[in-house]
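Containing compact mmCIF, C-alpha atoms: my_file32.txt.
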# COMPACT_ATOMS: atom_id res chain seq x y z
CA MET U 1 71.47 -49.87 -104.13
CA THR U 2 73.34 -52.18 -106.52
CA PRO U 3 74.16 -55.57 -105.08
CA SER U 4 77.56 -57.01 -105.59
CA ALA U 5 77.94 -60.11 -107.68
CA ALA U 6 77.59 -63.46 -105.97
CA SER U 7 77.78 -66.92 -107.29
CA SER U 8 76.07 -70.06 -106.20
CA GLY U 9 76.66 -73.71 -106.64
CA PRO U 10 75.72 -75.56 -109.78
CA GLY U 11 72.01 -75.71 -110.43
CA ALA U 12 71.20 -72.96 -107.81
CA PRO U 13 70.33 -69.31 -108.43
CA GLY U 14 72.91 -66.66 -107.70
CA LEU U 15 71.69 -64.59 -104.70
CA ASP U 16 72.84 -61.44 -102.92
CA ILE U 17 71.04 -58.85 -100.59
CA PRO U 18 72.88 -55.70 -99.49
CA ALA U 19 72.45 -54.38 -95.92
CA VAL U 20 70.06 -51.44 -95.41
CA SER U 21 69.00 -48.92 -92.70
CA VAL U 22 65.42 -47.75 -92.12
CA THR U 23 63.69 -45.28 -89.80
CA PRO U 24 60.38 -46.36 -88.19
CA GLY U 25 57.57 -44.51 -89.85
CA GLY U 26 59.56 -44.21 -93.09
CA THR U 27 60.49 -46.57 -95.95
CA ALA U 28 63.69 -48.03 -97.38
CA THR U 29 64.43 -50.42 -100.21
CA THR U 30 67.05 -52.95 -101.06
CA SER U 31 67.36 -55.41 -103.91
CA LEU U 32 67.96 -59.07 -104.56
CA THR U 33 69.41 -60.48 -107.80
CA VAL U 34 68.24 -63.94 -108.73
CA ARG U 35 70.36 -65.73 -111.40
CA ASN U 36 69.40 -69.05 -113.07
CA ASP U 37 72.55 -71.16 -113.43
CA SER U 38 70.62 -74.30 -114.38
CA ASP U 39 70.09 -75.64 -117.89
CA ILE U 40 66.27 -75.38 -117.85
CA VAL U 41 63.72 -72.57 -117.65
CA GLU U 42 62.90 -72.06 -113.98
CA ALA U 43 60.21 -70.12 -112.10
CA TYR U 44 61.00 -68.72 -108.64
CA THR U 45 58.61 -67.68 -105.81
CA LEU U 46 60.02 -65.08 -103.37
CA GLU U 47 58.78 -64.51 -99.78
CA VAL U 48 60.19 -62.37 -96.92
CA VAL U 49 60.75 -64.34 -93.71
CA GLY U 50 61.97 -63.44 -90.20
CA ASP U 51 61.32 -60.50 -87.87
CA CYS U 52 61.00 -58.07 -90.78
CA ALA U 53 58.24 -60.05 -92.49
CA PRO U 54 55.28 -58.04 -91.00
CA TRP U 55 56.54 -54.79 -92.54
CA ALA U 56 58.56 -55.94 -95.62
CA THR U 57 57.42 -56.83 -99.17
CA VAL U 58 59.21 -58.11 -102.28
CA GLU U 59 58.25 -57.20 -105.88
CA PRO U 60 57.76 -59.04 -108.02
CA ALA U 61 56.94 -61.97 -105.81
CA ARG U 62 57.34 -64.52 -108.72
CA ILE U 63 59.79 -64.52 -111.67
CA SER U 64 60.74 -66.91 -114.54
CA LEU U 65 64.30 -67.12 -115.87
CA TYR U 66 65.94 -68.78 -118.84
CA PRO U 67 69.15 -70.61 -118.23
CA GLY U 68 72.06 -68.25 -117.68
CA THR U 69 69.85 -65.17 -117.12
CA SER U 70 69.12 -63.11 -113.96
CA GLU U 71 66.60 -60.60 -112.62
CA THR U 72 66.67 -58.11 -109.74
CA VAL U 73 63.67 -57.81 -107.39
CA THR U 74 62.99 -54.93 -104.98
CA ILE U 75 62.49 -55.44 -101.23
CA THR U 76 60.56 -52.58 -99.58
CA LEU U 77 60.87 -52.02 -95.81
CA ALA U 78 58.17 -49.89 -94.03
CA PRO U 79 58.39 -50.40 -90.23
CA PRO U 80 55.64 -48.59 -88.26
CA ARG U 81 56.51 -45.82 -85.80
CA SER U 82 55.80 -47.92 -82.74
CA PRO U 83 57.61 -49.00 -79.56
CA GLU U 84 57.15 -52.57 -80.81
CA VAL U 85 59.79 -51.99 -83.51
CA ARG U 86 62.91 -51.81 -81.36
CA ALA U 87 66.03 -49.99 -82.51
CA GLY U 88 69.01 -52.08 -83.60
CA ASP U 89 69.97 -54.70 -86.17
CA VAL U 90 67.21 -57.02 -87.37
CA PRO U 91 67.87 -60.04 -89.66
CA LEU U 92 66.13 -60.03 -93.04
CA GLY U 93 65.62 -63.21 -95.04
CA VAL U 94 64.01 -63.91 -98.44
CA ARG U 95 63.00 -67.44 -99.21
CA VAL U 96 63.56 -68.31 -102.93
CA LEU U 97 61.60 -71.43 -103.95
CA PRO U 98 62.24 -72.93 -107.47
CA ALA U 99 59.16 -74.41 -109.06
CA GLU U 100 60.94 -77.29 -110.88
CA HIS U 101 63.45 -78.13 -108.18
CA PRO U 102 61.78 -77.28 -104.83
CA GLU U 103 64.48 -79.20 -103.02
CA SER U 104 66.90 -76.44 -104.07
CA VAL U 105 65.06 -73.77 -101.93
CA THR U 106 67.40 -71.19 -100.43
CA VAL U 107 67.07 -68.25 -97.99
CA PRO U 108 69.53 -65.42 -98.56
CA GLU U 109 69.89 -63.15 -95.53
CA THR U 110 71.07 -59.67 -94.68
CA THR U 111 70.83 -57.19 -91.80
CA VAL U 112 68.35 -54.30 -91.51
CA HIS U 113 69.41 -51.57 -89.13
CA VAL U 114 66.33 -49.99 -87.46
CA GLU U 115 67.21 -46.46 -86.45
CA GLU U 116 66.25 -44.92 -83.12
CA PHE U 117 63.42 -42.47 -82.63
CA HIS U 118 62.33 -40.72 -79.43
CA GLU U 119 58.76 -39.79 -78.62
CA LEU U 120 57.09 -39.04 -75.28
CA ARG U 121 53.42 -38.79 -74.40
CA THR U 122 52.90 -36.58 -71.33
CA GLU U 123 49.92 -35.38 -69.28
CA ILE U 124 49.47 -33.38 -66.05
CA LEU U 125 46.48 -33.96 -63.77
CA PRO U 126 44.69 -31.91 -62.67
CA ARG U 127 45.25 -28.90 -64.87
CA ARG U 128 44.08 -26.56 -62.08
CA ARG U 129 44.46 -27.00 -58.33
CA ARG U 130 43.10 -24.76 -55.55
CA GLY U 131 44.70 -24.32 -52.12
CA TRP U 132 45.93 -21.90 -49.46
CA LEU U 133 49.68 -22.49 -49.76
CA ARG U 134 50.29 -25.69 -51.79
CA GLY U 135 48.92 -27.88 -54.54
CA ARG U 136 49.63 -31.46 -55.62
CA TYR U 137 49.67 -32.73 -59.23
CA ARG U 138 50.48 -35.96 -61.12
CA VAL U 139 52.64 -35.97 -64.27
CA ALA U 140 52.10 -39.11 -66.39
CA VAL U 141 54.72 -40.06 -69.03
CA ARG U 142 54.72 -42.86 -71.63
CA ASN U 143 57.76 -43.74 -73.75
CA GLU U 144 56.39 -43.97 -77.30
CA GLY U 145 59.91 -44.33 -78.76
CA ASN U 146 61.75 -47.52 -79.69
CA THR U 147 64.70 -47.19 -77.33
CA PRO U 148 65.05 -46.95 -73.51
CA THR U 149 65.31 -43.43 -72.14
CA ARG U 150 65.65 -41.44 -68.92
CA ILE U 151 63.04 -38.73 -68.36
CA SER U 152 63.65 -35.57 -66.29
CA PHE U 153 61.40 -32.61 -65.59
CA ARG U 154 61.95 -28.86 -65.61
CA PRO U 155 59.30 -26.43 -64.25
CA GLU U 156 58.98 -22.90 -65.53
CA GLN U 157 57.11 -19.88 -64.18
CA ALA U 158 57.01 -16.21 -65.20
CA GLY U 159 57.98 -15.04 -61.68
CA GLU U 160 59.70 -16.58 -58.68
CA GLU U 161 56.74 -16.99 -56.34
CA LEU U 162 56.30 -20.73 -56.72
CA ARG U 163 58.53 -23.56 -55.52
CA PHE U 164 58.44 -26.97 -57.25
CA GLY U 165 59.34 -30.49 -56.20
CA PHE U 166 59.19 -33.76 -58.21
CA THR U 167 59.06 -37.22 -56.59
CA PRO U 168 60.84 -39.05 -58.18
CA ALA U 169 62.91 -36.47 -60.05
CA THR U 170 63.72 -38.84 -62.98
CA LEU U 171 62.07 -41.84 -64.64
CA ASP U 172 63.78 -44.70 -66.55
CA LEU U 173 61.37 -46.05 -69.17
CA ALA U 174 61.65 -48.91 -71.62
CA PRO U 175 59.92 -48.62 -75.01
CA GLY U 176 56.14 -48.63 -74.48
CA GLU U 177 56.43 -48.27 -70.66
CA SER U 178 54.41 -45.72 -68.61
CA ALA U 179 55.07 -44.14 -65.21
CA GLU U 180 54.02 -41.18 -63.02
CA THR U 181 55.81 -38.61 -60.90
CA ARG U 182 54.26 -36.47 -58.19
CA LEU U 183 54.60 -32.70 -58.45
CA ARG U 184 54.21 -30.46 -55.40
CA VAL U 185 53.78 -26.70 -55.91
CA ARG U 186 54.19 -24.38 -52.91
CA ILE U 187 54.01 -20.61 -52.36
CA GLY U 188 55.52 -18.74 -49.42
CA LYS U 189 53.03 -15.95 -48.62
CA PRO U 190 49.31 -16.52 -47.88
CA VAL U 191 46.47 -14.38 -49.19
CA TRP U 192 44.43 -13.26 -46.17
CA PHE U 193 41.48 -11.46 -47.80
CA GLY U 194 40.30 -10.57 -51.29
CA LYS U 195 40.18 -12.44 -54.57
CA PRO U 196 42.03 -15.72 -55.33
CA ALA U 197 45.47 -15.35 -56.96
CA VAL U 198 46.11 -17.41 -60.12
CA TRP U 199 49.70 -18.61 -60.75
CA PRO U 200 50.20 -20.27 -64.18
CA PHE U 201 53.26 -22.47 -64.82
CA THR U 202 54.57 -25.00 -67.34
CA VAL U 203 56.41 -28.32 -67.02
CA HIS U 204 59.00 -29.33 -69.65
CA THR U 205 59.78 -33.03 -70.13
CA THR U 206 63.36 -33.84 -71.17
CA ASP U 207 64.52 -37.06 -72.90
CA GLY U 208 68.00 -37.72 -71.52
CA ALA U 209 69.02 -40.23 -74.21
CA ALA U 210 68.10 -37.81 -77.00
CA GLU U 211 70.15 -35.03 -75.39
CA GLU U 212 73.17 -37.32 -75.06
CA GLN U 213 72.98 -38.23 -78.74
CA ALA U 214 72.63 -34.57 -79.69
CA GLU U 215 75.77 -33.75 -77.72
CA ALA U 216 77.57 -36.62 -79.47
CA GLY U 217 76.71 -35.14 -82.87
CA THR U 218 74.10 -37.67 -83.94
CA ARG U 219 70.62 -36.58 -84.94
CA PRO U 220 67.99 -39.00 -83.62
CA THR U 221 64.42 -38.62 -84.72
CA THR U 222 62.73 -37.00 -81.71
CA TYR U 223 59.17 -35.93 -81.09
CA VAL U 224 58.25 -34.43 -77.72
CA ARG U 225 54.83 -33.00 -77.03
CA PRO U 226 54.53 -29.29 -76.15
CA PRO U 227 55.16 -28.22 -72.51
CA LEU U 228 52.41 -29.05 -70.04
CA GLU U 229 50.34 -26.03 -69.03
CA ALA U 230 48.84 -25.86 -65.53
CA GLU U 231 48.00 -23.33 -62.84
CA PHE U 232 47.77 -23.04 -59.07
CA VAL U 233 44.84 -20.99 -57.71
CA GLN U 234 45.70 -19.57 -54.29
CA ILE U 235 42.50 -18.97 -52.33
CA PRO U 236 42.35 -16.42 -49.44
CA ILE U 237 42.49 -17.64 -45.84
CA PHE U 238 39.32 -15.71 -44.90
CA PRO U 239 36.50 -15.49 -47.47
CA LYS U 240 34.89 -12.17 -48.36
CA TRP U 241 31.60 -13.03 -46.66
CA LEU U 242 33.42 -13.49 -43.32
CA LEU U 243 34.86 -9.98 -43.56
CA ALA U 244 31.37 -8.59 -44.20
CA LEU U 245 30.01 -10.58 -41.23
CA LEU U 246 32.72 -9.24 -38.88
CA ALA U 247 31.97 -5.69 -40.03
CA ALA U 248 28.25 -6.20 -39.33
CA ILE U 249 28.94 -7.62 -35.85
CA LEU U 250 31.25 -4.73 -35.03
CA ALA U 251 28.58 -2.24 -36.16
CA LEU U 252 25.98 -3.93 -33.94
CA LEU U 253 28.31 -3.84 -30.93
CA LEU U 254 29.00 -0.16 -31.45
CA ALA U 255 25.27 0.56 -31.77
CA TRP U 256 24.61 -1.40 -28.54
CA PHE U 257 27.20 0.43 -26.44
CA ALA U 258 26.42 3.83 -27.95
CA LEU U 259 22.59 3.76 -28.08
CA VAL U 260 20.79 0.76 -26.63
CA ARG U 261 22.72 0.07 -23.43
CA PRO U 262 22.51 3.65 -22.02
CA ALA U 263 18.75 3.70 -22.69
CA VAL U 264 18.25 0.34 -20.94
CA ARG U 265 20.29 1.40 -17.91
CA SER U 266 18.39 4.69 -17.67
CA ALA U 267 14.99 2.97 -17.84
CA ALA U 268 16.02 0.37 -15.24
CA ARG U 269 17.34 3.06 -12.87
CA GLN U 270 14.14 5.09 -13.22
CA ALA U 271 11.95 2.05 -12.49
CA ALA U 272 14.03 1.18 -9.42
CA ASP U 273 13.83 4.76 -8.11
CA GLU U 274 10.06 4.79 -8.48
CA VAL U 275 9.70 1.55 -6.50
CA VAL U 276 12.17 2.41 -3.73
CA GLN U 277 10.93 6.01 -3.22
CA PRO U 278 9.36 6.18 0.33
CA ARG U 279 5.78 7.27 0.78
CA PRO U 280 4.49 9.32 3.79
CA THR U 281 2.29 7.45 6.32
CA PRO U 282 -1.00 8.56 7.89
CA GLY U 283 0.80 9.44 11.11
CA GLY U 284 3.40 11.57 9.42
CA GLY U 285 1.89 14.98 10.41
CA LYS U 286 2.89 17.07 13.37
CA ASN U 287 1.95 15.77 16.83
CA GLY U 288 0.56 12.59 15.30
CA GLN U 289 -2.12 14.43 13.30
CA SER U 290 -2.89 13.05 9.87
CA PRO U 291 -4.03 15.82 7.58
CA GLY U 292 -6.15 14.51 4.78
CA THR U 293 -8.98 15.34 2.50
CA GLY U 294 -11.97 13.11 3.16
CA THR U 295 -14.10 11.83 0.38
CA GLY U 296 -16.91 11.41 2.94
CA THR U 297 -18.15 14.00 5.45
CA GLY U 298 -15.76 15.89 7.71
CA THR U 299 -12.01 15.79 8.06
CA GLY U 300 -10.37 12.68 9.47
CA THR U 301 -7.59 12.76 12.08
CA GLY U 302 -5.21 9.97 12.99
CA THR U 303 -3.20 9.35 16.13
CA GLY U 304 0.37 8.34 15.51
CA LYS U 305 0.82 6.42 18.78
CA GLU U 306 -1.87 5.03 20.98
CA GLN U 307 -1.18 3.10 24.18
CA GLY U 308 2.34 2.24 23.19
CA GLY U 309 1.39 1.00 19.67
CA THR U 310 3.16 1.84 16.48
CA GLY U 311 1.52 4.30 14.07
CA PRO U 312 0.15 3.04 10.82
CA GLY U 313 2.90 4.75 8.92
CA VAL U 314 5.76 3.10 10.81
CA SER U 315 7.31 -0.31 10.05
CA SER U 316 8.60 -2.02 13.18
CA GLY U 317 11.66 -3.52 11.59
CA GLY U 318 12.82 -0.99 9.08
CA GLY U 319 9.51 -0.25 7.25
CA THR U 320 8.38 3.34 6.59
CA GLY U 321 4.79 4.57 6.68
CA GLY U 322 2.80 6.73 4.24
CA THR U 323 0.22 9.53 4.34
CA GLY U 324 -3.46 8.70 4.72
CA THR U 325 -6.65 10.17 3.32
CA SER U 326 -10.05 9.85 5.00
CA VAL U 327 -12.26 7.62 2.88
CA GLY U 328 -15.69 6.77 4.31
CA GLY U 329 -15.19 4.86 7.54
CA GLY U 330 -11.35 4.90 7.47
CA GLU U 331 -8.22 6.37 6.01
CA GLN U 332 -6.43 5.26 2.86
CA SER U 333 -2.98 4.19 4.04
CA SER U 334 0.18 2.53 2.76
CA ALA U 335 3.36 1.14 4.29
CA THR U 336 6.72 0.20 2.71
CA ILE U 337 8.84 -2.67 4.03
CA ASP U 338 12.49 -2.62 2.95
CA VAL U 339 14.51 -5.83 3.40
CA GLU U 340 18.29 -6.13 2.86
CA THR U 341 20.19 -9.36 3.55
CA SER U 342 23.45 -11.00 2.59
CA GLY U 343 23.80 -14.08 0.39
CA GLY U 344 22.94 -17.38 2.09
CA GLN U 345 21.03 -15.66 4.95
CA ASP U 346 17.37 -15.02 5.94
CA LYS U 347 15.96 -11.71 7.15
CA THR U 348 12.44 -10.65 8.14
CA ARG U 349 10.97 -7.14 8.17
CA SER U 350 7.37 -6.27 9.17
CA TYR U 351 4.78 -3.54 9.63
CA THR U 352 2.57 -3.69 12.78
CA VAL U 353 -1.08 -2.53 12.71
CA PRO U 354 -1.60 0.14 15.46
CA GLN U 355 -3.61 -0.51 18.60
CA GLY U 356 -7.35 -0.02 18.09
CA LYS U 357 -7.09 -0.17 14.29
CA VAL U 358 -7.95 -2.60 11.53
CA PHE U 359 -5.92 -2.52 8.31
CA GLY U 360 -7.87 -3.63 5.22
CA VAL U 361 -5.23 -4.48 2.57
CA THR U 362 -6.31 -4.09 -1.08
CA ASP U 363 -2.97 -3.82 -2.96
CA ILE U 364 0.64 -4.92 -2.60
CA VAL U 365 3.61 -4.20 -4.90
CA VAL U 366 6.83 -6.26 -4.69
CA ALA U 367 10.08 -4.92 -6.24
CA ASN U 368 13.19 -7.03 -7.02
CA PHE U 369 15.00 -4.28 -8.93
CA GLN U 370 18.45 -5.91 -8.63
CA GLY U 371 17.40 -9.25 -10.10
CA ASP U 372 18.34 -11.15 -6.91
CA GLU U 373 17.96 -14.92 -6.62
CA GLY U 374 16.20 -16.54 -3.67
CA VAL U 375 12.72 -16.75 -2.06
CA MET U 376 10.38 -14.10 -0.60
CA THR U 377 7.43 -15.03 1.68
CA ILE U 378 4.63 -12.50 2.45
CA THR U 379 2.42 -13.05 5.54
CA PHE U 380 -0.63 -11.07 6.81
CA GLY U 381 -0.91 -11.89 10.51
CA ASP U 382 -1.12 -15.68 10.74
CA ARG U 383 -2.07 -16.03 7.04
CA LYS U 384 0.63 -16.76 4.46
CA ILE U 385 -0.32 -14.82 1.34
CA THR U 386 2.34 -16.00 -1.16
CA THR U 387 5.88 -17.33 -1.63
CA ILE U 388 7.72 -16.02 -4.70
CA ALA U 389 11.00 -17.09 -6.36
CA LEU U 390 12.94 -13.84 -6.75
CA GLU U 391 14.59 -14.78 -10.06
CA THR U 392 11.15 -14.98 -11.74
CA PHE U 393 10.32 -11.26 -11.57
CA ARG U 394 11.58 -7.70 -11.21
CA ASN U 395 8.28 -5.97 -10.29
CA GLN U 396 5.07 -7.74 -9.25
CA ASP U 397 1.73 -6.44 -7.93
CA TYR U 398 -1.40 -8.06 -6.39
CA HIS U 399 -4.89 -6.57 -5.93
CA TRP U 400 -8.02 -7.61 -3.98
CA VAL U 401 -11.56 -6.32 -4.55
CA THR U 402 -12.49 -7.40 -1.03
CA PRO U 403 -9.86 -6.08 1.44
CA ILE U 404 -7.92 -8.57 3.56
CA GLU U 405 -8.39 -7.36 7.16
CA ILE U 406 -5.43 -7.41 9.52
CA PRO U 407 -6.36 -6.82 13.20
CA ALA U 408 -4.61 -4.49 15.63
CA ASN U 409 -1.13 -5.50 16.74
CA ALA U 410 -0.87 -8.04 13.90
CA THR U 411 1.90 -7.65 11.34
CA VAL U 412 2.49 -7.58 7.60
CA THR U 413 5.72 -9.60 7.27
CA ALA U 414 8.21 -9.93 4.40
CA LYS U 415 10.77 -12.76 4.84
CA VAL U 416 13.63 -12.92 2.31
CA THR U 417 16.00 -15.87 1.84
CA CYS U 418 18.91 -14.57 -0.27
CA ALA U 419 20.56 -17.19 -2.50
CA LYS U 420 22.58 -14.83 -4.71
CA PRO U 421 22.61 -11.01 -5.01
CA GLY U 422 21.73 -9.81 -8.50
CA THR U 423 23.21 -7.23 -10.84
CA PRO U 424 21.39 -3.87 -10.94
CA ALA U 425 21.38 -1.39 -13.83
CA THR U 426 24.85 -0.15 -12.87
CA GLY U 427 26.34 -3.37 -14.31
CA ARG U 428 28.15 -4.36 -11.09
CA GLN U 429 26.90 -7.20 -8.88
CA ALA U 430 25.37 -6.04 -5.59
CA GLN U 431 26.80 -7.06 -2.25
CA GLN U 432 23.37 -7.83 -0.68
CA CYS U 433 19.90 -8.85 -1.74
CA HIS U 434 17.50 -5.92 -1.59
CA GLU U 435 13.69 -6.31 -1.86
CA VAL U 436 10.91 -3.77 -1.29
CA LEU U 437 7.26 -4.53 -0.34
CA ASN U 438 4.62 -1.79 -0.47
CA VAL U 439 1.24 -2.49 1.19
CA SER U 440 -1.81 -0.28 0.54
CA GLY U 441 -5.32 -0.31 1.96
CA VAL U 442 -7.77 1.32 4.44
CA LEU U 443 -6.80 1.88 8.09
CA ALA U 444 -9.95 2.13 10.22
CA ASP U 445 -10.86 2.26 13.93
CA VAL U 446 -12.03 -0.93 15.56
CA ALA U 447 -15.14 0.88 16.94
CA ARG U 448 -16.31 1.50 13.43
What would you get if you wrote out this structure as structure tokens?
Amino acid sequence: MTPSAASSGPGAPGLDIPAVSVTPGGTATTSLTVRNDSDIVEAYTLEVVGDCAPWATVEPARISLYPGTSETVTITLAPPRSPEVRAGDVPLGVRVLPAEHPESVTVPETTVHVEEFHELRTEILPRRRRGWLRGRYRVAVRNEGNTPTRISFRPEQAGEELRFGFTPATLDLAPGESAETRLRVRIGKPVWFGKPAVWPFTVHTTDGAAEEQAEAGTRPTTYVRPPLEAEFVQIPIFPKWLLALLAAILALLLAWFALVRPAVRSAARQAADEVVQPRPTPGGGKNGQSPGTGTGTGTGTGTGKEQGGTGPGVSSGGGTGGTGTSVGGGEQSSATIDVETSGGQDKTRSYTVPQGKVFGVTDIVVANFQGDEGVMTITFGDRKITTIALETFRNQDYHWVTPIEIPANATVTAKVTCAKPGTPATGRQAQQCHEVLNVSGVLADVAR
């Protein structure tokens, strides 16, 4: 640029600086003509002063002039690309100091127009978010330009599955200022099973001031970073291991109902039938005769009723007798006592030893095939043998090497207190408690 002529007062140099425009990050030059109007040889020192001083230089910085001569120096402007260098008009001054007449120092001034530039620094955090239906992100923006701007955001996705929301939707930033907006990403349909679905998307950051200048026909220097890349990973509601676990449980249930449960019910029914099946008593033959095969000498006979007594095979309260076999000095005999009672009630059933006989008990078997709850007390004559909690067993047996003798007309008694009827193998709860006591031993004559 060629400065226009300018004159100064007598004894002062002629000075003139033309105005200039510069873009941050670039360079621009202007010139200053120094003219010696004095009558002596003068040396001048030149120095840039004012707001432009940090990024302006003058060359040469010192000149010597004869009277009536002049010289042009170059002023170079190189403002950095920084938000600190604001756009607009900035005063530029050059101090000219004469060596011989320092009192004649002068500062010619001009205006430097700093042009606008737009630059944004953006970041999205996190880059990947996992969730069932929604994900939350943060978009950080810093205005690296030298002029205020309004920032807006525009999401972009390959399909239309995702919905986006920004809070706030716009940001007003001064040069060098930073701010954040919250981004919420949502999808309408869940993934129930299977692999996670990955939905990539991008976020574009728009500088409103730059767009307005572009529409007005100006061309500001703009630098915007590439779009922000992110993705939303939609995880399934039910993981794959849960599906495998449900399949395994279903297979076990099918195996139980198809194979195991029928076998258990069949075994339980068979055991109950074996316990409940009645056995013939020694007096069960015709006319009270007890046919049997003796292990000793001869064939034993038994009388079913003697002097009004009850035969050894008959239970005087619901019990049933069994067949007997002659063994040495007596007959092997057994009796079954069957007790049924309702919940919350007591009931007693007994077997009475016949007149003229002694019953030597060696074995008893107790059956609680329904799984009833309550108490059962077993008594031989005046002697209490045992009291059993029904819920602790299903089948129980006792044996004695030395027989327990029960005299004639004494009883074997089973007393049941029913607390709660159980559930037999049929799977339906019984209406009454039902217990069975089987007593085995040797029935002999008193004379023997």
message: At a cut-off of 7 Å, using all atoms listed in the file, what residues contact U:Arg142? Leave out same-chain residues fewer than 4 positions from it and give the result as JSON, numbers by chain.
response: {"U": [120, 121, 122, 176, 177, 178, 179]}
- prompt: So what do you get for atom CA of U:Tyr351 versus atom CA of U:Gln432, distance-wise?
  reply: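 Here the two named atoms are 21.7 Å from each other.
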- prompt: Quick one: distance from atom CA of U:Gly131 to atom CA of U:Pro236 in Å, one decimal?
  reply: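 Atom-to-atom, atom CA of U:Gly131 to atom CA of U:Pro236, that is 8.7 Å.
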message: Using all atoms listed in the file, list the residues that have an atom at most 10 Å from (56.7, -45.9, -84.7), coordinates as in the file, as a list in words.
response: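 Counting all atoms listed in the file, I find these residues within 10 Å of (56.7, -45.9, -84.7): Thr23, Pro24, Gly25, Gly26, Pro79, Pro80, Arg81, Ser82, Pro83, Glu84, Val85, Arg86, Glu116, Phe117, His118, Glu119, Glu144, Gly145 and Asn146 of chain U.
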- prompt: Expressed in Å to a single decimal, how great is the separation between atom CA of U:Val436 and atom CA of U:Lys384?
  reply: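 Atom CA of U:Val436 sits 17.5 Å away from atom CA of U:Lys384.
In terms of minimum interatomic distance to U:Gly343, U:Pro421 ranks closest within U:Pro421, U:Thr111, U:Val358, U:Val73, counting only C-alpha atoms.
Using all atoms listed in the file, the shortest contact distance between U:Arg138 and any of U:Ile124, U:Val198, U:Ala419, U:Ala410 is found at U:Ile124.
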message: Can you pull out the residues contacting stretch 363-377 of chain U? Cut-off 7 Å, using only C-alpha atoms, and skip same-chain residues under 5 positions away; I want them as a PyMOL selection string.
response: chain U and resi 272+275+386-391+393-400+414-424+433+435-441
- prompt: For U:Leu92, which of U:Leu228, U:Ile337, U:Val185, U:Ala19 is the closest residue, counting only C-alpha atoms?
  reply: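 Between U:Leu228, U:Ile337, U:Val185, U:Ala19, the residue approaching U:Leu92 most closely is U:Ala19.
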field: Shortest interatomic distance to U:Pro18 - which of U:Thr336, U:Ser64, U:Thr74, U:Thr110, counting all atoms listed in the file
entry: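 Comparing U:Thr336, U:Ser64, U:Thr74, U:Thr110 against U:Pro18, the winner is U:Thr110.
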